[in-house]
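S.K.: If you scroll down you'll find the structure; I have some questions about it.
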Amino acid sequence: MIIKNNSSSLIITLSFLLVIPFVQKQWFNLYLFNNNVVSIYSILYFLSGIICPILICLNSLNYFTYYKFNNNSISSKKIIKGKTLLFLVAINLLSLSYLIVDYFYLVFDFISNLFLEGIKFQQPGIFQLNFLIFFIAIFLIFRKFRILFKKLILVNFILISIFIWYLQINNINIDDQFHIYKYYPLNNINLINVFNLIAIEIFYFIWSFLSYKSNLSDWAISMPIKGEMVNFLKIFIFYFFIIIFYSVFS
């Protein structure tokens with residue numbers, strides 16, 4: 001029943017996202033028709049740029065944050081332990097920490113380039129970057145802080161989406177001085193923002209599985225069952241449609 005309700009909510013959200021661009025286009029036409037005065041259509045048009053990011057964040061918060069996994073006794077034939085588990089934990093935890101640090105930096109980079117002219121926010125050096133990664137990695141071990149960081153990431157996503165929308169409605173062109181263009185050979189800045197979030201979602205899901213309840217203290221993790229991989233599949237399905245949305249309607 002829970003899976004059915006989650007699937008229904010996902011379908012409704014995706015359907016709403018497909019309708020938004022057409023409604024937004026009509027608001028834009030009415031806005032242009034009365035662009036010399038402030039009207040309800042101009043307000044709706046300016047607000048419409050954050051509807052999709054808010055829906056994405058609400059869906060992620062409700063369905064991709066509070067994971068629950070099988071807590072049955074561990075079968076000796078289907079467990080991950082020893083060096084294999086150590087490798088998975090280290091790679092996933094450090095990767096997730098790096099993605100979080102880099103994603104937080106994007107907001108400060110946008111603010112410095114858009115609103116603090118002449119003040120360039122310096123990217124952390126190697127020592128500072130390693131310290132931040134290690135600092136966040138420690139806190140990610142604890143469930144409350146892991147969920148807190150996930151919520152901050154979603155707030156970060158909305159802020160970056162607002163900055164991008166601000167650039168678009170004001171016809172501001174940006175170049176590779178923005179950090180968000182540093183590692184991605186894409187012209188669609190919205191897609192870059194989404195791909196960052198997808199990467200975090202994937203590593204967050206894996207880390208939630210690895211650190212679930214007493215897994216790390218027992219230092220033995222049972223292999224995930226098919227039912228537990230449904231959430232992983234939902235991540236790909238949901239963000240597949242989000243990628244289509246930003247690819248076609250941006």
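Each chain of the structure tokens is named A, B, ... in the order shown, its residues numbered from 1; ligands are numbered from 1 in display order.
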Check region 51-114 of chain A with DSSP on the backbone and list each residue it calls helix (DSSP H, G or I), as an NGL selection string.
M.R.: :A and (51-63 or 82-114)
S.K.: Which polymer residues have any atom within 8 Å of an atom of region 140-151 of chain A, counting only C-alpha atoms, with same-chain residues fewer than 5 positions away left out, as a PDB file with all heavy atoms, in the first residue's frame?
M.R.:
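Output contents, as saved in out31.pdb:
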ATOM      1  N   LEU A  61      12.616  15.108  -0.269  1.00  0.00           N
ATOM      2  CA  LEU A  61      12.515  15.084   1.190  1.00  0.00           C
ATOM      3  C   LEU A  61      11.579  13.983   1.668  1.00  0.00           C
ATOM      4  O   LEU A  61      11.852  13.292   2.654  1.00  0.00           O
ATOM      5  CB  LEU A  61      12.032  16.445   1.696  1.00  0.00           C
ATOM      6  CG  LEU A  61      11.915  16.608   3.216  1.00  0.00           C
ATOM      7  CD1 LEU A  61      13.272  16.460   3.881  1.00  0.00           C
ATOM      8  CD2 LEU A  61      11.292  17.952   3.564  1.00  0.00           C
ATOM      9  N   THR A  65      14.830  10.520   1.513  1.00  0.00           N
ATOM     10  CA  THR A  65      15.596  11.001   2.670  1.00  0.00           C
ATOM     11  C   THR A  65      15.543  10.029   3.839  1.00  0.00           C
ATOM     12  O   THR A  65      16.585   9.645   4.387  1.00  0.00           O
ATOM     13  CB  THR A  65      15.078  12.379   3.134  1.00  0.00           C
ATOM     14  OG1 THR A  65      15.209  13.322   2.058  1.00  0.00           O
ATOM     15  CG2 THR A  65      15.883  12.879   4.336  1.00  0.00           C
ATOM     16  N   TYR A  66      14.364   9.616   4.239  1.00  0.00           N
ATOM     17  CA  TYR A  66      14.194   8.760   5.416  1.00  0.00           C
ATOM     18  C   TYR A  66      14.068   7.296   4.977  1.00  0.00           C
ATOM     19  O   TYR A  66      12.976   6.726   4.956  1.00  0.00           O
ATOM     20  CB  TYR A  66      12.960   9.193   6.211  1.00  0.00           C
ATOM     21  CG  TYR A  66      12.965  10.647   6.600  1.00  0.00           C
ATOM     22  CD1 TYR A  66      12.298  11.602   5.830  1.00  0.00           C
ATOM     23  CD2 TYR A  66      13.646  11.084   7.741  1.00  0.00           C
ATOM     24  CE1 TYR A  66      12.295  12.939   6.190  1.00  0.00           C
ATOM     25  CE2 TYR A  66      13.651  12.418   8.108  1.00  0.00           C
ATOM     26  CZ  TYR A  66      12.972  13.344   7.326  1.00  0.00           C
ATOM     27  OH  TYR A  66      12.979  14.668   7.676  1.00  0.00           O
ATOM     28  N   LEU A  93      31.631   7.396   1.583  1.00  0.00           N
ATOM     29  CA  LEU A  93      31.602   8.495   2.548  1.00  0.00           C
ATOM     30  C   LEU A  93      32.418   9.683   2.069  1.00  0.00           C
ATOM     31  O   LEU A  93      31.972  10.838   2.155  1.00  0.00           O
ATOM     32  CB  LEU A  93      32.130   7.997   3.896  1.00  0.00           C
ATOM     33  CG  LEU A  93      32.055   8.981   5.071  1.00  0.00           C
ATOM     34  CD1 LEU A  93      30.622   9.427   5.294  1.00  0.00           C
ATOM     35  CD2 LEU A  93      32.609   8.334   6.332  1.00  0.00           C
ATOM     36  N   SER A 211      25.109   2.605   6.482  1.00  0.00           N
ATOM     37  CA  SER A 211      25.146   3.047   7.878  1.00  0.00           C
ATOM     38  C   SER A 211      23.831   2.807   8.612  1.00  0.00           C
ATOM     39  O   SER A 211      23.633   3.342   9.709  1.00  0.00           O
ATOM     40  CB  SER A 211      25.499   4.539   7.932  1.00  0.00           C
ATOM     41  OG  SER A 211      24.528   5.310   7.235  1.00  0.00           O
TER      42      SER A 211
END
S.K.: Where does region 80-167 of chain A meet region 187-210 of chain A within 9 Å, residue by residue, with the nearest atom pair and distance in Å to one decimal for each, counting only C-alpha atoms, listed by chain and rising number, as a tab-separated table?
M.R.:
residue	atom	partner	partner_atom	distance
A:Leu85	CA	A:Leu210	CA	8.6
A:Leu88	CA	A:Leu210	CA	8.4
A:Val89	CA	A:Leu210	CA	7.1
A:Asn92	CA	A:Phe203	CA	6.3
A:Leu93	CA	A:Trp207	CA	6.8
A:Ser95	CA	A:Phe203	CA	7.5
A:Leu96	CA	A:Phe203	CA	5.7
A:Leu99	CA	A:Ile200	CA	6.5
A:Ile100	CA	A:Ile200	CA	7.3
A:Tyr103	CA	A:Asn196	CA	7.3
A:Leu140	CA	A:Trp207	CA	8.8
A:Ile141	CA	A:Trp207	CA	8.9
A:Arg143	CA	A:Ser208	CA	8.3
A:Arg146	CA	A:Ser208	CA	8.5
A:Lys150	CA	A:Tyr204	CA	8.1
A:Ile153	CA	A:Leu197	CA	8.0
A:Leu154	CA	A:Leu197	CA	8.3
A:Phe157	CA	A:Asn193	CA	7.3
A:Ile160	CA	A:Asn193	CA	7.5
A:Ser161	CA	A:Asn190	CA	7.2
A:Ile164	CA	A:Asn190	CA	7.2
S.K.: Please, could you write that set of residues out with N, CA, C and O atoms as a compact mmCIF listing (two decimals), in the first residue's frame?
M.R.:
# COMPACT_ATOMS: atom_id res chain seq x y z
N LEU A 85 33.87 -4.20 2.73
CA LEU A 85 33.02 -3.22 3.39
C LEU A 85 33.78 -1.93 3.69
O LEU A 85 33.25 -0.83 3.51
N LEU A 88 34.01 0.07 0.49
CA LEU A 88 32.73 0.68 0.14
C LEU A 88 32.41 1.87 1.04
O LEU A 88 31.96 2.92 0.57
N VAL A 89 32.66 1.71 2.33
CA VAL A 89 32.39 2.79 3.29
C VAL A 89 33.28 4.00 3.00
O VAL A 89 32.81 5.14 2.95
N ASN A 92 32.40 5.66 -0.53
CA ASN A 92 31.10 6.32 -0.53
C ASN A 92 31.07 7.53 0.39
O ASN A 92 30.56 8.60 0.02
N LEU A 93 31.63 7.40 1.58
CA LEU A 93 31.60 8.49 2.55
C LEU A 93 32.42 9.68 2.07
O LEU A 93 31.97 10.84 2.15
N SER A 95 33.27 10.37 -1.08
CA SER A 95 32.63 10.91 -2.30
C SER A 95 31.44 11.79 -1.94
O SER A 95 31.28 12.88 -2.49
N LEU A 96 30.61 11.31 -1.03
CA LEU A 96 29.44 12.09 -0.61
C LEU A 96 29.87 13.38 0.07
O LEU A 96 29.30 14.46 -0.19
N LEU A 99 31.11 15.86 -2.60
CA LEU A 99 29.99 16.41 -3.37
C LEU A 99 29.25 17.47 -2.56
O LEU A 99 28.83 18.50 -3.11
N ILE A 100 29.08 17.24 -1.27
CA ILE A 100 28.39 18.21 -0.41
C ILE A 100 29.20 19.50 -0.30
O ILE A 100 28.65 20.60 -0.44
N TYR A 103 29.08 21.35 -3.60
CA TYR A 103 27.75 21.89 -3.88
C TYR A 103 27.45 23.12 -3.04
O TYR A 103 26.84 24.07 -3.51
N LEU A 140 28.46 12.79 9.00
CA LEU A 140 27.57 11.94 8.20
C LEU A 140 27.39 10.56 8.81
O LEU A 140 26.46 9.83 8.46
N ILE A 141 28.27 10.18 9.72
CA ILE A 141 28.15 8.88 10.39
C ILE A 141 26.88 8.84 11.24
O ILE A 141 26.25 7.79 11.38
N ARG A 143 23.01 9.65 12.06
CA ARG A 143 21.79 9.74 11.26
C ARG A 143 21.18 11.15 11.28
O ARG A 143 20.77 11.67 10.24
N ARG A 146 23.17 13.38 9.14
CA ARG A 146 23.03 12.99 7.74
C ARG A 146 21.74 13.56 7.15
O ARG A 146 21.73 14.11 6.05
N LYS A 150 21.16 16.52 4.30
CA LYS A 150 20.29 16.32 3.14
C LYS A 150 19.32 17.48 2.99
O LYS A 150 19.08 17.97 1.87
N ILE A 153 21.16 20.42 1.62
CA ILE A 153 21.42 20.23 0.21
C ILE A 153 20.20 20.65 -0.61
O ILE A 153 20.32 21.29 -1.67
N LEU A 154 19.01 20.28 -0.15
CA LEU A 154 17.79 20.64 -0.87
C LEU A 154 17.55 22.16 -0.86
O LEU A 154 17.11 22.73 -1.85
N PHE A 157 19.84 23.50 -3.38
CA PHE A 157 19.31 23.30 -4.73
C PHE A 157 18.32 24.39 -5.10
O PHE A 157 18.35 24.92 -6.22
N ILE A 160 20.23 27.75 -5.72
CA ILE A 160 20.91 27.77 -7.02
C ILE A 160 19.89 27.89 -8.15
O ILE A 160 20.12 28.61 -9.13
N SER A 161 18.75 27.22 -8.02
CA SER A 161 17.70 27.32 -9.03
C SER A 161 17.17 28.75 -9.12
O SER A 161 16.88 29.24 -10.22
N ILE A 164 19.72 30.81 -10.98
CA ILE A 164 19.65 30.52 -12.42
C ILE A 164 18.44 31.19 -13.05
O ILE A 164 18.53 31.75 -14.13
S.K.: Just how far from CA of Tyr63 (chain A) is CA of Lys234 (chain A), in Å to one decimal?
M.R.: 8.9 Å
S.K.: Distance CA of Asn113 (chain A)-CA of Asn170 (chain A), one decimal place?
M.R.: 14.8 Å
